[in-house]
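Just entry_38.csv here, CSV, C-alpha atoms:
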chain,number,residue,atom,x,y,z
A,1,MET,CA,294.6,-12.5,-27.9
A,2,LEU,CA,296.3,-12.0,-24.5
A,3,ASN,CA,298.5,-15.0,-25.1
A,4,ARG,CA,299.7,-13.5,-28.4
A,5,VAL,CA,300.2,-10.1,-26.8
A,6,TRP,CA,302.3,-11.6,-24.0
A,7,PHE,CA,304.4,-13.5,-26.6
A,8,VAL,CA,304.9,-10.4,-28.8
A,9,PHE,CA,306.0,-8.4,-25.8
A,10,PHE,CA,308.7,-10.9,-24.9
A,11,ILE,CA,309.9,-11.3,-28.5
A,12,CYS,CA,310.2,-7.5,-28.9
A,13,SER,CA,312.1,-7.3,-25.6
A,14,ALA,CA,314.4,-10.0,-26.6
A,15,ILE,CA,315.2,-8.3,-29.9
A,16,ALA,CA,315.8,-5.0,-28.2
A,17,ILE,CA,318.2,-6.6,-25.7
A,18,VAL,CA,320.2,-8.3,-28.5
A,19,LEU,CA,320.4,-4.9,-30.3
A,20,GLN,CA,321.6,-3.2,-27.1
A,21,LEU,CA,324.2,-5.9,-26.5
A,22,PHE,CA,325.4,-5.5,-30.2
A,23,HIS,CA,326.0,-1.8,-29.4
A,24,GLY,CA,328.0,-2.7,-26.3
A,25,ASN,CA,325.4,-1.8,-23.7
A,26,TYR,CA,325.9,-4.8,-21.4
A,27,ALA,CA,324.1,-3.0,-18.5
A,28,ILE,CA,320.9,-3.8,-20.3
A,29,LEU,CA,321.1,-7.4,-18.9
A,30,ASN,CA,321.1,-6.0,-15.3
A,31,ASP,CA,318.3,-3.5,-16.1
A,32,SER,CA,316.1,-6.2,-17.6
A,33,VAL,CA,316.4,-8.6,-14.7
A,34,ALA,CA,315.8,-5.7,-12.3
A,35,GLY,CA,312.7,-4.8,-14.3
A,36,LEU,CA,311.3,-8.4,-13.9
A,37,PHE,CA,311.6,-8.4,-10.1
A,38,SER,CA,310.3,-4.8,-9.7
A,39,SER,CA,307.3,-5.8,-11.8
A,40,ALA,CA,306.6,-8.7,-9.5
A,41,LYS,CA,306.9,-6.4,-6.4
A,42,LEU,CA,304.6,-3.8,-8.0
A,43,ALA,CA,301.9,-6.3,-8.8
A,44,ALA,CA,301.8,-7.4,-5.2
A,45,GLU,CA,301.8,-3.8,-3.9
A,46,ILE,CA,298.9,-2.8,-6.2
A,47,SER,CA,296.8,-5.8,-5.2
A,48,ILE,CA,297.5,-5.4,-1.5
A,49,GLY,CA,296.8,-1.7,-1.8
A,50,LEU,CA,293.4,-2.4,-3.4
A,51,ILE,CA,292.3,-4.7,-0.5
A,52,GLY,CA,291.0,-1.9,1.7
A,53,VAL,CA,289.4,0.1,-1.0
A,54,LEU,CA,287.8,-2.9,-2.6
A,55,ALA,CA,286.5,-4.2,0.7
A,56,LEU,CA,285.1,-0.7,1.5
A,57,TRP,CA,283.2,-0.2,-1.7
A,58,MET,CA,282.0,-3.8,-2.2
A,59,GLY,CA,280.6,-3.5,1.3
A,60,LEU,CA,278.9,-0.2,0.7
A,61,MET,CA,277.6,-1.3,-2.7
A,62,GLN,CA,276.0,-4.3,-1.0
A,63,VAL,CA,274.3,-2.0,1.5
A,64,GLY,CA,273.3,0.4,-1.4
A,65,GLU,CA,271.7,-2.4,-3.4
A,66,LYS,CA,269.7,-3.7,-0.4
A,67,ALA,CA,268.5,-0.1,0.2
A,68,GLY,CA,267.4,0.3,-3.4
A,69,VAL,CA,269.6,3.4,-3.9
A,70,VAL,CA,271.7,1.8,-6.6
A,71,GLY,CA,268.6,0.8,-8.4
A,72,VAL,CA,267.5,4.5,-8.6
A,73,PHE,CA,270.9,5.4,-10.2
A,74,ALA,CA,270.4,2.5,-12.6
A,75,LYS,CA,267.2,3.9,-13.9
A,76,VAL,CA,268.9,7.1,-15.1
A,77,PHE,CA,271.0,5.4,-17.7
A,78,GLU,CA,269.2,2.1,-18.1
A,79,PRO,CA,267.4,3.0,-21.4
A,80,LEU,CA,270.8,4.0,-23.0
A,81,LEU,CA,272.7,1.0,-21.7
A,82,CYS,CA,269.9,-1.4,-22.8
A,83,LYS,CA,270.5,-0.2,-26.4
A,84,LEU,CA,274.3,-0.6,-26.0
A,85,MET,CA,274.2,-3.9,-24.1
A,86,PRO,CA,271.1,-5.7,-25.4
A,87,GLU,CA,272.1,-9.0,-23.8
A,88,VAL,CA,271.8,-7.5,-20.3
A,89,PRO,CA,268.1,-7.7,-19.1
A,90,ARG,CA,266.3,-4.7,-17.8
A,91,GLY,CA,266.5,-4.3,-14.0
A,92,HIS,CA,269.8,-6.1,-13.7
A,93,PRO,CA,272.1,-4.9,-10.9
A,94,ALA,CA,274.9,-4.3,-13.5
A,95,TYR,CA,273.2,-1.1,-14.7
A,96,GLY,CA,273.5,0.5,-11.3
A,97,SER,CA,277.2,-0.3,-10.8
A,98,ILE,CA,278.0,0.6,-14.4
A,99,THR,CA,276.3,4.0,-14.0
A,100,MET,CA,278.1,4.7,-10.8
A,101,ASN,CA,281.5,3.7,-12.2
A,102,LEU,CA,281.1,5.9,-15.3
A,103,THR,CA,280.0,8.8,-13.1
A,104,ALA,CA,283.0,8.4,-10.8
A,105,ASN,CA,285.3,8.3,-13.9
A,106,MET,CA,283.8,11.5,-15.2
A,107,LEU,CA,284.4,13.2,-11.9
A,108,GLY,CA,287.9,12.0,-11.7
A,109,LEU,CA,287.2,9.9,-8.5
A,110,ASP,CA,289.8,7.2,-9.2
A,111,ASN,CA,289.7,5.8,-5.6
A,112,ALA,CA,286.0,5.0,-6.2
A,113,ALA,CA,285.9,4.3,-9.9
A,114,THR,CA,288.1,1.2,-9.9
A,115,PRO,CA,286.2,-0.8,-7.2
A,116,LEU,CA,282.9,0.3,-8.7
A,117,GLY,CA,284.1,-0.9,-12.1
A,118,LEU,CA,285.1,-4.2,-10.6
A,119,LYS,CA,281.7,-4.6,-9.1
A,120,ALA,CA,280.1,-3.8,-12.5
A,121,MET,CA,282.4,-6.4,-14.1
A,122,GLN,CA,281.4,-8.9,-11.5
A,123,ASP,CA,277.7,-8.2,-12.1
A,124,LEU,CA,278.1,-8.6,-15.9
A,125,GLN,CA,280.0,-11.9,-15.2
A,126,SER,CA,276.9,-13.3,-13.6
A,127,LEU,CA,275.3,-13.3,-17.1
A,128,ASN,CA,278.3,-14.8,-18.8
A,129,PRO,CA,277.6,-18.4,-20.1
A,130,ASP,CA,281.4,-18.9,-20.7
A,131,LYS,CA,283.2,-17.7,-17.6
A,132,THR,CA,286.6,-17.5,-19.2
A,133,THR,CA,285.5,-15.5,-22.3
A,134,ALA,CA,284.5,-11.9,-22.3
A,135,THR,CA,280.9,-11.1,-23.4
A,136,ASN,CA,280.0,-8.2,-25.7
A,137,ALA,CA,278.7,-6.2,-22.7
A,138,GLN,CA,281.9,-6.7,-20.7
A,139,ILE,CA,284.0,-5.6,-23.7
A,140,LEU,CA,282.0,-2.4,-24.2
A,141,PHE,CA,282.2,-1.6,-20.5
A,142,LEU,CA,285.9,-2.1,-20.5
A,143,VAL,CA,286.4,0.1,-23.6
A,144,LEU,CA,284.2,2.9,-22.0
A,145,ASN,CA,286.5,2.7,-19.0
A,146,THR,CA,289.7,2.9,-20.9
A,147,SER,CA,288.4,6.0,-22.8
A,148,SER,CA,285.9,7.6,-20.5
A,149,VAL,CA,285.7,11.4,-20.4
A,150,THR,CA,287.2,13.0,-17.3
A,151,LEU,CA,285.8,16.5,-16.8
A,152,VAL,CA,288.5,17.8,-14.5
A,153,PRO,CA,292.0,16.2,-14.7
A,154,VAL,CA,293.2,18.0,-11.6
A,155,THR,CA,296.4,16.0,-11.2
A,156,VAL,CA,297.7,17.1,-14.5
A,157,PHE,CA,297.0,20.8,-13.6
A,158,LEU,CA,298.9,20.1,-10.3
A,159,TYR,CA,301.9,18.8,-12.1
A,160,ARG,CA,302.0,21.8,-14.4
A,161,ALA,CA,301.7,24.1,-11.5
A,162,GLN,CA,304.6,22.4,-9.8
A,163,GLN,CA,306.7,22.8,-12.9
A,164,GLY,CA,306.0,26.5,-13.0
A,165,ALA,CA,303.4,26.8,-15.8
A,166,VAL,CA,302.1,30.3,-16.3
A,167,SER,CA,298.6,29.1,-16.6
A,168,PRO,CA,298.4,25.5,-15.3
A,169,ALA,CA,294.7,25.0,-16.3
A,170,GLU,CA,295.0,26.3,-19.9
A,171,ILE,CA,295.1,22.8,-21.3
A,172,PHE,CA,291.7,22.0,-19.8
A,173,LEU,CA,289.8,22.4,-23.1
A,174,PRO,CA,292.4,20.5,-25.3
A,175,ILE,CA,292.3,17.6,-22.8
A,176,LEU,CA,288.5,17.5,-22.9
A,177,LEU,CA,288.4,17.5,-26.7
A,178,ALA,CA,291.0,14.8,-26.9
A,179,THR,CA,289.3,12.5,-24.3
A,180,CYS,CA,285.9,13.0,-26.0
A,181,ALA,CA,287.5,11.9,-29.3
A,182,SER,CA,288.9,8.8,-27.5
A,183,THR,CA,285.5,7.9,-26.2
A,184,PHE,CA,283.8,8.5,-29.5
A,185,VAL,CA,286.4,6.3,-31.4
A,186,GLY,CA,286.2,3.5,-28.8
A,187,LEU,CA,282.4,3.4,-28.7
A,188,THR,CA,282.2,3.6,-32.5
A,189,VAL,CA,284.7,0.7,-33.1
A,190,VAL,CA,282.9,-1.5,-30.5
A,191,ALA,CA,279.6,-0.7,-32.2
A,192,ILE,CA,280.9,-1.7,-35.6
A,193,VAL,CA,282.4,-5.0,-34.3
A,194,GLN,CA,279.3,-5.9,-32.3
A,195,ARG,CA,276.9,-4.5,-34.9
A,196,ILE,CA,275.2,-2.1,-32.4
A,197,SER,CA,273.2,0.7,-34.0
A,198,LEU,CA,274.1,4.1,-32.5
A,199,LEU,CA,271.8,6.0,-34.8
A,200,ASN,CA,268.6,5.6,-32.8
A,201,SER,CA,266.5,8.2,-30.9
A,202,VAL,CA,267.5,6.9,-27.4
A,203,VAL,CA,271.3,6.9,-28.0
A,204,LEU,CA,271.2,10.3,-29.8
A,205,ALA,CA,269.1,11.9,-27.1
A,206,TYR,CA,271.5,10.7,-24.3
A,207,ALA,CA,274.4,11.8,-26.4
A,208,ALA,CA,272.9,15.3,-26.8
A,209,GLY,CA,272.2,15.5,-23.1
A,210,LEU,CA,275.7,14.5,-22.1
A,211,LEU,CA,277.2,16.8,-24.6
A,212,SER,CA,275.2,19.7,-23.2
A,213,ILE,CA,276.4,18.9,-19.7
A,214,ILE,CA,280.0,18.7,-20.9
A,215,VAL,CA,279.8,22.0,-22.9
A,216,ALA,CA,278.1,23.8,-20.0
A,217,SER,CA,280.8,22.5,-17.6
A,218,MET,CA,283.5,23.5,-20.0
A,219,PHE,CA,282.3,27.1,-20.3
A,220,TYR,CA,282.0,27.4,-16.6
A,221,LEU,CA,285.4,25.8,-15.7
A,222,ILE,CA,287.5,27.7,-18.3
A,223,THR,CA,286.5,31.0,-16.5
A,224,LEU,CA,288.2,29.7,-13.3
A,225,SER,CA,291.9,29.6,-12.2
A,226,ALA,CA,293.7,26.3,-11.7
A,227,GLU,CA,293.2,26.7,-7.9
A,228,ALA,CA,289.5,27.3,-8.2
A,229,ILE,CA,289.1,24.4,-10.6
A,230,GLY,CA,290.8,22.1,-8.1
A,231,GLN,CA,288.6,23.4,-5.3
A,232,VAL,CA,285.4,22.9,-7.4
A,233,SER,CA,286.5,19.4,-8.4
A,234,SER,CA,287.3,18.5,-4.8
A,235,VAL,CA,284.1,19.8,-3.3
A,236,LEU,CA,281.9,18.3,-6.1
A,237,GLY,CA,283.7,15.0,-6.2
A,238,ASN,CA,284.0,14.4,-2.4
A,239,GLY,CA,280.5,15.9,-1.8
A,240,ILE,CA,278.9,13.4,-4.2
A,241,LEU,CA,281.0,10.5,-2.8
A,242,LEU,CA,279.9,11.3,0.8
A,243,LEU,CA,276.3,11.8,-0.3
A,244,LEU,CA,276.3,8.3,-1.8
A,245,VAL,CA,277.8,6.7,1.3
A,246,MET,CA,275.3,8.5,3.6
A,247,SER,CA,272.3,7.7,1.4
A,248,PHE,CA,273.3,4.0,1.2
A,249,VAL,CA,273.5,3.6,5.0
A,250,ILE,CA,270.6,5.9,6.0
A,251,VAL,CA,268.1,4.6,3.5
A,252,ALA,CA,269.0,1.0,4.3
A,253,GLY,CA,268.7,1.7,8.0
A,254,LEU,CA,265.2,3.2,7.5
A,255,LYS,CA,264.2,0.1,5.5
A,256,LYS,CA,265.3,-2.1,8.4
A,257,VAL,CA,268.2,-3.7,6.4
A,258,ALA,CA,270.8,-5.4,8.5
A,259,ILE,CA,273.4,-2.8,7.4
A,260,TYR,CA,276.3,-4.0,9.4
A,261,ASP,CA,275.9,-7.6,8.4
A,262,GLU,CA,275.4,-6.7,4.7
A,263,PHE,CA,278.5,-4.5,4.7
A,264,ILE,CA,280.6,-7.3,6.2
A,265,GLU,CA,279.3,-9.7,3.6
A,266,GLY,CA,280.1,-7.4,0.7
A,267,ALA,CA,283.5,-6.5,2.1
A,268,LYS,CA,284.5,-10.2,2.2
A,269,GLY,CA,284.0,-10.3,-1.5
A,270,GLY,CA,286.2,-7.3,-2.0
A,271,PHE,CA,289.0,-8.9,-0.1
A,272,GLU,CA,288.8,-12.1,-2.2
A,273,GLN,CA,288.8,-10.1,-5.4
A,274,ALA,CA,291.9,-8.2,-4.5
A,275,ILE,CA,293.8,-11.5,-3.9
A,276,LYS,CA,292.6,-13.0,-7.1
A,277,LEU,CA,294.1,-10.0,-9.1
A,278,ILE,CA,297.7,-10.8,-8.2
A,279,PRO,CA,298.5,-13.4,-10.9
A,280,TYR,CA,296.8,-11.4,-13.6
A,281,LEU,CA,298.5,-8.2,-12.7
A,282,LEU,CA,301.8,-9.9,-12.3
A,283,ALA,CA,301.6,-11.4,-15.8
A,284,MET,CA,300.8,-8.1,-17.5
A,285,LEU,CA,303.2,-6.0,-15.5
A,286,LEU,CA,306.0,-8.5,-16.0
A,287,ALA,CA,305.7,-8.2,-19.8
A,288,ILE,CA,305.3,-4.4,-19.7
A,289,GLY,CA,308.3,-4.0,-17.3
A,290,LEU,CA,310.5,-6.1,-19.5
A,291,LEU,CA,309.4,-4.1,-22.6
A,292,ARG,CA,310.4,-0.8,-20.8
A,293,SER,CA,313.7,-2.0,-19.3
A,294,SER,CA,314.9,-3.6,-22.5
A,295,GLY,CA,314.7,-0.3,-24.5
A,296,ALA,CA,312.2,-1.6,-26.9
A,297,LEU,CA,310.0,1.5,-26.6
A,298,ASP,CA,313.0,3.7,-27.3
A,299,TYR,CA,313.5,1.9,-30.6
A,300,VAL,CA,309.8,2.5,-31.5
A,301,LEU,CA,310.3,6.2,-30.8
A,302,GLN,CA,313.4,6.4,-33.0
A,303,GLY,CA,311.7,4.6,-35.8
A,304,LEU,CA,308.7,6.9,-35.6
A,305,ALA,CA,310.9,10.0,-35.6
A,306,SER,CA,312.8,8.8,-38.7
A,307,PHE,CA,309.5,8.0,-40.5
A,308,VAL,CA,307.9,11.4,-39.8
A,309,ALA,CA,311.1,13.2,-40.8
A,310,PHE,CA,311.2,11.2,-44.0
A,311,LEU,CA,307.7,12.2,-44.9
A,312,GLY,CA,308.7,15.9,-44.3
A,313,PHE,CA,306.1,16.6,-41.6
A,314,ASP,CA,306.6,18.7,-38.5
A,315,THR,CA,308.4,16.6,-35.8
A,316,ARG,CA,307.8,18.7,-32.7
A,317,PHE,CA,305.2,16.3,-31.4
A,318,ILE,CA,307.8,13.5,-31.3
A,319,ASP,CA,309.3,14.9,-28.2
A,320,ALA,CA,306.0,14.3,-26.3
A,321,MET,CA,305.4,10.8,-27.7
A,322,PRO,CA,307.2,8.9,-24.9
A,323,THR,CA,304.2,9.8,-22.7
A,324,ALA,CA,301.7,8.7,-25.3
A,325,ILE,CA,303.4,5.4,-26.0
A,326,MET,CA,303.9,4.7,-22.3
A,327,LYS,CA,300.3,5.6,-21.1
A,328,PRO,CA,298.5,2.4,-22.4
A,329,PHE,CA,301.1,0.3,-20.5
A,330,SER,CA,301.8,2.2,-17.3
A,331,GLY,CA,300.3,5.2,-15.7
A,332,SER,CA,303.2,5.9,-13.4
A,333,GLY,CA,305.6,5.4,-16.3
A,334,ALA,CA,303.7,7.9,-18.4
A,335,ARG,CA,303.7,10.4,-15.6
A,336,ALA,CA,307.5,10.1,-15.3
A,337,MET,CA,307.8,10.6,-19.1
A,338,MET,CA,305.5,13.7,-18.9
A,339,LEU,CA,307.5,15.2,-16.1
A,340,GLU,CA,310.8,14.5,-17.9
A,341,THR,CA,309.4,16.2,-21.1
A,342,MET,CA,308.3,19.2,-19.1
A,343,ASP,CA,311.6,19.5,-17.4
A,344,HIS,CA,313.7,19.1,-20.5
A,345,HIS,CA,311.6,21.2,-23.0
A,346,GLY,CA,309.8,23.5,-20.6
A,347,VAL,CA,306.4,23.1,-19.1
A,348,ASP,CA,304.9,25.7,-21.5
A,349,SER,CA,306.7,24.4,-24.6
A,350,PHE,CA,304.8,22.7,-27.4
A,351,ALA,CA,306.1,19.3,-26.2
A,352,GLY,CA,305.4,20.0,-22.5
A,353,ARG,CA,301.8,21.0,-23.2
A,354,LEU,CA,301.3,18.0,-25.5
A,355,ALA,CA,302.7,15.5,-23.0
A,356,ALA,CA,300.2,16.9,-20.4
A,357,ILE,CA,297.3,16.5,-22.9
A,358,PHE,CA,298.4,12.9,-23.5
A,359,GLN,CA,298.5,12.2,-19.8
A,360,GLY,CA,295.0,13.7,-19.2
A,361,SER,CA,293.2,12.2,-22.2
A,362,THR,CA,294.4,8.6,-22.5
A,363,GLU,CA,294.2,5.6,-20.2
A,364,THR,CA,296.3,2.6,-19.1
A,365,THR,CA,294.6,0.1,-21.3
A,366,PHE,CA,296.7,-2.9,-20.5
A,367,TYR,CA,296.4,-2.3,-16.7
A,368,VAL,CA,292.6,-1.8,-16.9
A,369,LEU,CA,292.3,-5.0,-19.0
A,370,ALA,CA,294.4,-7.0,-16.6
A,371,VAL,CA,292.5,-5.7,-13.5
A,372,TYR,CA,289.0,-5.9,-14.8
A,373,PHE,CA,289.2,-9.2,-16.6
A,374,GLY,CA,291.4,-10.7,-14.0
A,375,SER,CA,288.9,-9.9,-11.3
A,376,VAL,CA,286.4,-12.3,-12.8
A,377,GLY,CA,288.9,-14.8,-14.3
A,378,ILE,CA,288.4,-14.0,-18.0
A,379,ARG,CA,291.3,-15.2,-20.2
A,380,ASN,CA,289.9,-14.6,-23.6
A,381,GLY,CA,289.2,-10.9,-24.1
A,382,ARG,CA,288.2,-11.3,-27.8
A,383,HIS,CA,288.2,-7.9,-29.4
A,384,ALA,CA,288.5,-5.9,-26.2
A,385,LEU,CA,292.2,-5.1,-26.5
A,386,GLY,CA,291.9,-4.1,-30.2
A,387,CYS,CA,289.0,-1.7,-29.5
A,388,GLY,CA,290.7,-0.3,-26.4
A,389,LEU,CA,293.9,0.4,-28.3
A,390,ALA,CA,291.8,2.0,-31.1
A,391,ALA,CA,290.4,4.4,-28.6
A,392,ASP,CA,293.9,5.2,-27.4
A,393,ILE,CA,295.1,5.9,-30.9
A,394,GLY,CA,292.1,8.1,-31.5
A,395,GLY,CA,292.8,10.0,-28.4
A,396,ILE,CA,296.5,10.4,-29.3
A,397,ILE,CA,295.8,11.6,-32.8
A,398,ALA,CA,293.2,14.0,-31.5
A,399,ALA,CA,295.6,15.3,-28.8
A,400,ILE,CA,298.2,16.0,-31.4
A,401,GLY,CA,295.7,17.8,-33.7
A,402,VAL,CA,294.3,19.8,-30.9
A,403,CYS,CA,297.7,20.8,-29.6
A,404,TYR,CA,298.7,22.1,-33.1
A,405,TRP,CA,295.3,23.9,-33.3
A,406,PHE,CA,295.7,25.7,-29.9
A,407,TYR,CA,299.5,26.1,-29.7
A,408,GLY,CA,300.9,25.4,-33.2
Show me this structure written as structure tokens.
Amino acid sequence: MLNRVWFVFFICSAIAIVLQLFHGNYAILNDSVAGLFSSAKLAAEISIGLIGVLALWMGLMQVGEKAGVVGVFAKVFEPLLCKLMPEVPRGHPAYGSITMNLTANMLGLDNAATPLGLKAMQDLQSLNPDKTTATNAQILFLVLNTSSVTLVPVTVFLYRAQQGAVSPAEIFLPILLATCASTFVGLTVVAIVQRISLLNSVVLAYAAGLLSIIVASMFYLITLSAEAIGQVSSVLGNGILLLLVMSFVIVAGLKKVAIYDEFIEGAKGGFEQAIKLIPYLLAMLLAIGLLRSSGALDYVLQGLASFVAFLGFDTRFIDAMPTAIMKPFSGSGARAMMLETMDHHGVDSFAGRLAAIFQGSTETTFYVLAVYFGSVGIRNGRHALGCGLAADIGGIIAAIGVCYWFYG
């Protein structure tokens, strides 16, 4: 699948370059070459930037596992994950790292979510009989990551505040609804492909419990200002993070674990993983960078606008689509598209609000796929990309519908 995707990206880029040259835009050649080299530089910068964070969390996770604290977290969601990942045996360390990763994602703790996710992927890889092909459990975990619910997208509120929005946090509920739709679609598609039954008492009970927490959080947070939401998010997120770190070290120390030695051993693995990521990140970012710089995405937008206009539908959402189309490929690119849309159309315009909802409710699927699978050397992702993109499409459609519902 990844071989085909890479090939298609280059073919689309080549066609777009030829079309640009046909229209006399010879600068596209320089832009495309610059895009290739900037992608290579970005891949190295991301990997090197991850070294410290990965080493930190891999070391702490090793201490936490020896202390038994991670095992306590695992027991909270193990009954649910056993139903969704039947090939993972009960009591396996993967349950703890998966639970902690998904929790960090929900709290918007990006600096902790990625290394915890890589640790979970590494744990799942230990059960993989074919080390170059993704297992069902790894695919489900990746899709949950690309579509996971983020309760408080503080960064989106911050960008809206900087752009002068009257009420920066007013899009909180639309984002939550859209990202819930993305998660539901992603989980459903994976369940259909892998023939997992979601209609059982355990899954439904956990779904009801999580939904209750989300609804309760939603009713509380919508009563707060953007500044108050940011403060609550910061206190809650950082407080939980610090509590985890302290509990790992203190409990391990009380149990006479060699905490310093265990931390060093785990940190070494984090360093090695960060270096391994470079070729996988380079390959994906190279294709994405060429796709962007060649103007291929612009042609997609023009075709979509023409098709929607031909059908006679409202075309206001098209102005925000650059953010939606860019998000699966590049988080920084989508952020730039969102800010450009806000600046051009107005932060409180329909397009400005929709771009912010896209940014807060969808994920960089290709980046996540490259990083998570690359960290364990998986080359054959099977149906992971298709299911991840299905979740993205579900989130995009839901975002458009919700935006029309709230602001149409």
- Taking into account only C-alpha atoms, which residue in the set A:Ala191, A:Tyr280, A:Ser330, A:Leu80 is nearest to Ala205 of chain A? A:Leu80
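Ranking A:Leu124, A:Met85, A:Ala274, A:Ile171 by their shortest atom-to-atom distance to Ser197 of chain A, with all atoms listed in the file included, puts A:Met85 first.
In this model, the gap between atom CA of Thr103 of chain A and atom CA of Gln62 of chain A comes to 18.3 Å.
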Leaving out segment 160-165 of chain A and any residue of its chain fewer than 3 positions from it, which residues lie within 12 Å of it when counting all atoms listed in the file, given as a compact mmCIF listing (two decimals) with C-alpha atoms, in the coordinates of the input?
# COMPACT_ATOMS: atom_id res chain seq x y z
CA PRO A 153 292.00 16.20 -14.70
CA VAL A 154 293.20 18.00 -11.60
CA THR A 155 296.40 16.00 -11.20
CA VAL A 156 297.70 17.10 -14.50
CA PHE A 157 297.00 20.80 -13.60
CA PRO A 168 298.40 25.50 -15.30
CA ALA A 169 294.70 25.00 -16.30
CA GLU A 170 295.00 26.30 -19.90
CA ILE A 171 295.10 22.80 -21.30
CA PHE A 172 291.70 22.00 -19.80
CA SER A 225 291.90 29.60 -12.20
CA ALA A 226 293.70 26.30 -11.70
CA GLU A 227 293.20 26.70 -7.90
CA GLY A 230 290.80 22.10 -8.10
CA ARG A 335 303.70 10.40 -15.60
CA MET A 338 305.50 13.70 -18.90
CA LEU A 339 307.50 15.20 -16.10
CA GLU A 340 310.80 14.50 -17.90
CA THR A 341 309.40 16.20 -21.10
CA MET A 342 308.30 19.20 -19.10
CA ASP A 343 311.60 19.50 -17.40
CA HIS A 344 313.70 19.10 -20.50
CA HIS A 345 311.60 21.20 -23.00
CA GLY A 346 309.80 23.50 -20.60
CA VAL A 347 306.40 23.10 -19.10
CA ASP A 348 304.90 25.70 -21.50
CA SER A 349 306.70 24.40 -24.60
CA GLY A 352 305.40 20.00 -22.50
CA ARG A 353 301.80 21.00 -23.20
CA LEU A 354 301.30 18.00 -25.50
CA ALA A 355 302.70 15.50 -23.00
CA ALA A 356 300.20 16.90 -20.40
CA ILE A 357 297.30 16.50 -22.90
CA GLN A 359 298.50 12.20 -19.80
CA GLY A 360 295.00 13.70 -19.20
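Taking atom CA of Leu50 of chain A as the reference point, atom CA of Ala267 of chain A is found at 12.0 Å.
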